[in-house]
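The next block holds one structure in the form of structure tokens; read it before the comments.
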Amino acid sequence: MSLPVVLAGARGHGRSHLLNIRRLEQNGLVRLAGVCELNPLSPAELAGFDAPEQSADLGELLERTGARIAVICTPIHTHTDLALTAAAQGVHTLLEKPTTASYPEFERLLAGLDKSGTACQIGFQSLGSHAVDAIRELVLDGAIGRLRGIGAAGAWVRDEAYHRRVPWAGRRSLDGRDVVDGVLTNPLAHAVATALRLDGGDLAGDVSGIELEQYRANDIEADDTSCLRLRTARSTRITVAVTLCAERNTEPYVMVHGTEGRVTFWYKQDRVLVERAGRGPAETVYGRTDLLENLVAHLEEGAELVVPAYRTGAFMRILEAVRTGPSPARLPADAWYGAEGDNGPRRIVRGVDALVAESAETLATFAELGADWAVPQTAPPAASSAASASASAAPSADTKILRLAGRAVADYVHRPRLPATLSPRPYLHPVRTLGGVVVTELRPADHAHHLGVSMAVPDVAGVNFWGGRTYVRDQGPVALDNHGVQQHTGWLAPDPDGCAQALSWTREGRELLTEQRRIRTYALSAGAWALDITSTLTNVSGAGLSFGSPATNGRPGAGYGGFFWRAPKEGAADPRPEVFSATATGEDAVHGSTAEWLALAGQGWTLVFAGGDEETRRDPWFVRTGQYPGVGSSLAWERRLPLAEGAALSRRIVTVVADGRLDRPAAAALVALAREAAPS
């Protein structure tokens, strides 16, 4: 016997529900008993149906028709009240996504459903795909190795009229009621929900560490271009990057990354591509369970609901973070351009199609991928062209500004937001001369894991704290899932000339080292200042460990690891930076030496590096000027450096940051001055 159904909201997206009800009616499963619309549907709109009842009052219509199911496809801010109206009459619901417009409303809905004992299925159609269970089985069976993370991407084209189609479109609130109609929470919400379900982290308590980057190119309140990152209860990192301002409409997808392969799921097409080591790619198109059909089977046969309301709890936590977070940032005028769409003008964010895809590939956010509009930029005065391209993010709670006489000379990002493959760690960037020239580079194209000035070690007991690939003996550089992270754990005693910080060096929750890091700045002359960094590392792993480098693993001359300064590349027509010490000149002569100091001189700037204590001065220098400009002090030049359990090692580097291209006598004089001026 067919179940009587009332449809609330039969126009707009509701037309798809009307067509589906017609299909199921023809199959004898349901009967359209009523339509709830402010303006009644015409006979043409109801073609193929047997004159259902119509009313603008859902409660009255449900009572009059004796409906068993209400399909609710109405504005977001009406979901809770209408679903509870149905529940109060014992009517089960298929409720369009998003579930509700706020988390408190979600809790109110769950309480009402529990009281009435009615079922509520949420309209995340993608979760009805049989591909979801198939992918979960692949992951659980280890087909792609250990799960590394999940990325989702959605790049859609929507014209300006899309945001004017109804009064609540593109609104965060309307007449004092929450709406939250942004790209993450409504049009491309399936990307979020599907990623959560693939991980099995879709309950309210399954998500933590929600990070949001939200922007708008259109004249709306809500976001039209956004990136989300979170962690689930299984410690899975999930990143979702979506836009309604794409150059081209593409099929949204979710990409599941493993240590030995990956799975890509185009969720609107039920299409799955499996790529894994040692096998050719395999593509499969799966079937799908219709959500209304599943609700009928639940009521008639006791089938399990595919998307019961409580299983959208994690999604609702994300919606709540969007609702209560800052309003999306308006993109600057040069970040987008206008074009004619099929139905009128539209706005296109420059480069966003590639950016969305790269986020799903790397699990990085827009800001981490270097989108110049993703983070407000500060341009230092009198900066060179290379320096301008390396300008840093505006100050935030994760950044400490180091100053001399009130002038900002360096930004210290102590809690960076970086993909795991870069071995996240605190870094200094930009570092500036007193004249404003930036002398660091962040995530350059040649080595994306170079992060200004940082403590970076490629091998601590096999864990990569350098970023990028790992050099494996007899194989060369290999992409391994062995990256660690340096986590800020607190500030130590206040320091008016810099900062003192506690850090934890960890890998997947296991702590290997603790660090006390002190950074100080002090003036030397009208054109030079000193950056003084001391790092003390203590082995807390519970066993002995050692520090290594590509050189100790079989790559001669690549003994990098420890303090490392990536300087900016200059123009192709400019001469390469010159490197020299007190007794030698050039990369070949200085690389690997234990010189008292060495200088790197570029166009309009010079850096002079010196060991701040006897132990540090015994470490060889790692130098590059040909491939890129960079200088480091090596902990493990030819042999691994052991560190017993509970033991500590300390290194101190003092760097003179000077305007102009210094010669050898001037560099030596500034090093001597820095040693005299250095605080004890």
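Ordering of the structure tokens sets the chain letters (A, B, ...); residue numbers start at 1 within each chain; ligands are numbered from 1 in the order shown.
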
Test item, strand (DSSP E) assignment across range 18-106 of chain A, answer as a list of chain:residue names: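 The strand (DSSP E) subset of range 18-106 of chain A is A:Val30, A:Arg31, A:Leu32, A:Ala33, A:Gly34, A:Val35, A:Cys36, A:Glu53, A:Gln54, A:Ser55, A:Ile69, A:Ala70, A:Val71, A:Ile72, A:His92, A:Thr93, A:Leu94, A:Leu95.
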
Who sits within 7 Å of Pro426 in chain A, only C-alpha atoms, same chain under 3 positions skipped, as a PyMOL selection string: chain A and resi 413-416+454

Could you give me, as a JSON list (two decimals) with all heavy atoms, in the first residue's frame, each residue of range 369-528 of chain A that DSSP assigns to alpha helix (DSSP H) when run on this structure's backbone?
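selection.json written:
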[["chain", "number", "residue", "atom", "x", "y", "z"],
["A", 385, "SER", "N", 61.65, 44.10, -5.49],
["A", 385, "SER", "CA", 60.60, 43.31, -6.13],
["A", 385, "SER", "C", 60.54, 41.92, -5.56],
["A", 385, "SER", "O", 59.46, 41.35, -5.37],
["A", 385, "SER", "CB", 60.85, 43.25, -7.65],
["A", 385, "SER", "OG", 62.13, 42.69, -7.91],
["A", 386, "ALA", "N", 61.68, 41.32, -5.26],
["A", 386, "ALA", "CA", 61.67, 39.99, -4.66],
["A", 386, "ALA", "C", 61.08, 40.04, -3.28],
["A", 386, "ALA", "O", 60.33, 39.15, -2.87],
["A", 386, "ALA", "CB", 63.10, 39.43, -4.60],
["A", 387, "ALA", "N", 61.41, 41.08, -2.55],
["A", 387, "ALA", "CA", 60.88, 41.21, -1.20],
["A", 387, "ALA", "C", 59.39, 41.38, -1.21],
["A", 387, "ALA", "O", 58.67, 40.82, -0.39],
["A", 387, "ALA", "CB", 61.56, 42.38, -0.49],
["A", 388, "SER", "N", 58.88, 42.19, -2.14],
["A", 388, "SER", "CA", 57.44, 42.42, -2.19],
["A", 388, "SER", "C", 56.69, 41.14, -2.41],
["A", 388, "SER", "O", 55.62, 40.92, -1.86],
["A", 388, "SER", "CB", 57.12, 43.42, -3.30],
["A", 388, "SER", "OG", 57.72, 44.67, -3.03],
["A", 389, "ALA", "N", 57.23, 40.26, -3.23],
["A", 389, "ALA", "CA", 56.56, 38.99, -3.50],
["A", 389, "ALA", "C", 56.55, 38.10, -2.29],
["A", 389, "ALA", "O", 55.78, 37.14, -2.23],
["A", 389, "ALA", "CB", 57.27, 38.27, -4.65]]

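By only C-alpha atoms, and with residues fewer than 4 positions from range 261-265 of chain A along its chain excluded, the set lying at most 6 Å from it is Ile144, Tyr253, Val254, Met255, Val256, His257, Arg271, Val272, Leu273, Val274, Glu275, Arg276 and Ala277 of chain A.
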
Residue neighbourhood range 84-87 of chain A, 9 Å, only C-alpha atoms, exclusion window fewer than 4 positions, as number ranges by chain: A: 58-59, 62, 69-70, 79-80, 91-93, 108-109, 112-113, 115-120

Contacts of range 562-572 of chain A at 6 Å (only C-alpha atoms; same-chain gap of 3+ positions) as an MDAnalysis selection string: chainID A and resid 386 439:441 452:457 629:635

Selection: 8 Å around Ala678 in chain A, only C-alpha atoms, excl. self and same-chain fewer than 4 positions, as a list in words: Tyr522, Asp532 and Ala674 of chain A

Put those residues in a file: all heavy atoms, as a JSON list (two decimals), in the first residue's frame.
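The resulting result_2.json:
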[["chain", "number", "residue", "atom", "x", "y", "z"],
["A", 522, "TYR", "N", 68.53, 42.97, 18.62],
["A", 522, "TYR", "CA", 69.19, 44.15, 19.16],
["A", 522, "TYR", "C", 69.86, 44.92, 18.03],
["A", 522, "TYR", "O", 70.28, 44.36, 17.01],
["A", 522, "TYR", "CB", 70.20, 43.83, 20.27],
["A", 522, "TYR", "CG", 71.10, 42.65, 20.04],
["A", 522, "TYR", "CD1", 72.38, 42.83, 19.52],
["A", 522, "TYR", "CD2", 70.68, 41.37, 20.38],
["A", 522, "TYR", "CE1", 73.22, 41.75, 19.34],
["A", 522, "TYR", "CE2", 71.51, 40.28, 20.20],
["A", 522, "TYR", "CZ", 72.78, 40.47, 19.67],
["A", 522, "TYR", "OH", 73.61, 39.40, 19.48],
["A", 532, "ASP", "N", 69.23, 36.96, 17.29],
["A", 532, "ASP", "CA", 69.96, 36.01, 18.14],
["A", 532, "ASP", "C", 69.00, 34.88, 18.52],
["A", 532, "ASP", "O", 68.01, 35.11, 19.21],
["A", 532, "ASP", "CB", 70.45, 36.75, 19.38],
["A", 532, "ASP", "CG", 71.41, 35.94, 20.22],
["A", 532, "ASP", "OD1", 71.34, 34.70, 20.18],
["A", 532, "ASP", "OD2", 72.21, 36.55, 20.95],
["A", 674, "ALA", "N", 78.32, 42.67, 16.97],
["A", 674, "ALA", "CA", 77.22, 41.84, 17.45],
["A", 674, "ALA", "C", 77.64, 41.05, 18.68],
["A", 674, "ALA", "O", 76.85, 40.89, 19.63],
["A", 674, "ALA", "CB", 76.76, 40.89, 16.35]]

Pick from A:Gly313, A:Gly604, A:Pro332, A:Pro458, whichever lies nearest to Pro104 in chain A using only C-alpha atoms: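 Of A:Gly313, A:Gly604, A:Pro332, A:Pro458, the one nearest Pro104 in chain A is A:Gly313, counting only C-alpha atoms.
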
CA of Leu422 in chain A to CA of Leu531 in chain A, straight-line distance in Å: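 According to the coordinates, CA of Leu531 in chain A and CA of Leu422 in chain A are separated by 24.2 Å.
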
Shell around Gly509 in chain A at 10 Å using only C-alpha atoms, local window under 6 positions removed, as a ChimeraX atom specification: /A:235,484-485

Include C-alpha atoms and write out the residues we just selected as a short mmCIF file (atom, residue, chain, number, x, y, z; two decimals), in the first residue's frame.
data_model
loop_
_atom_site.label_atom_id
_atom_site.label_comp_id
_atom_site.auth_asym_id
_atom_site.auth_seq_id
_atom_site.Cartn_x
_atom_site.Cartn_y
_atom_site.Cartn_z
CA SER A 235 42.65 11.95 13.97
CA GLY A 484 56.73 15.44 12.37
CA VAL A 485 55.45 18.70 13.80
#

CA of Leu598 in chain A to CA of Asp659 in chain A, distance in Å rounded to a single decimal: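 Value for the CA of Leu598 in chain A-CA of Asp659 in chain A distance: 16.2 Å.
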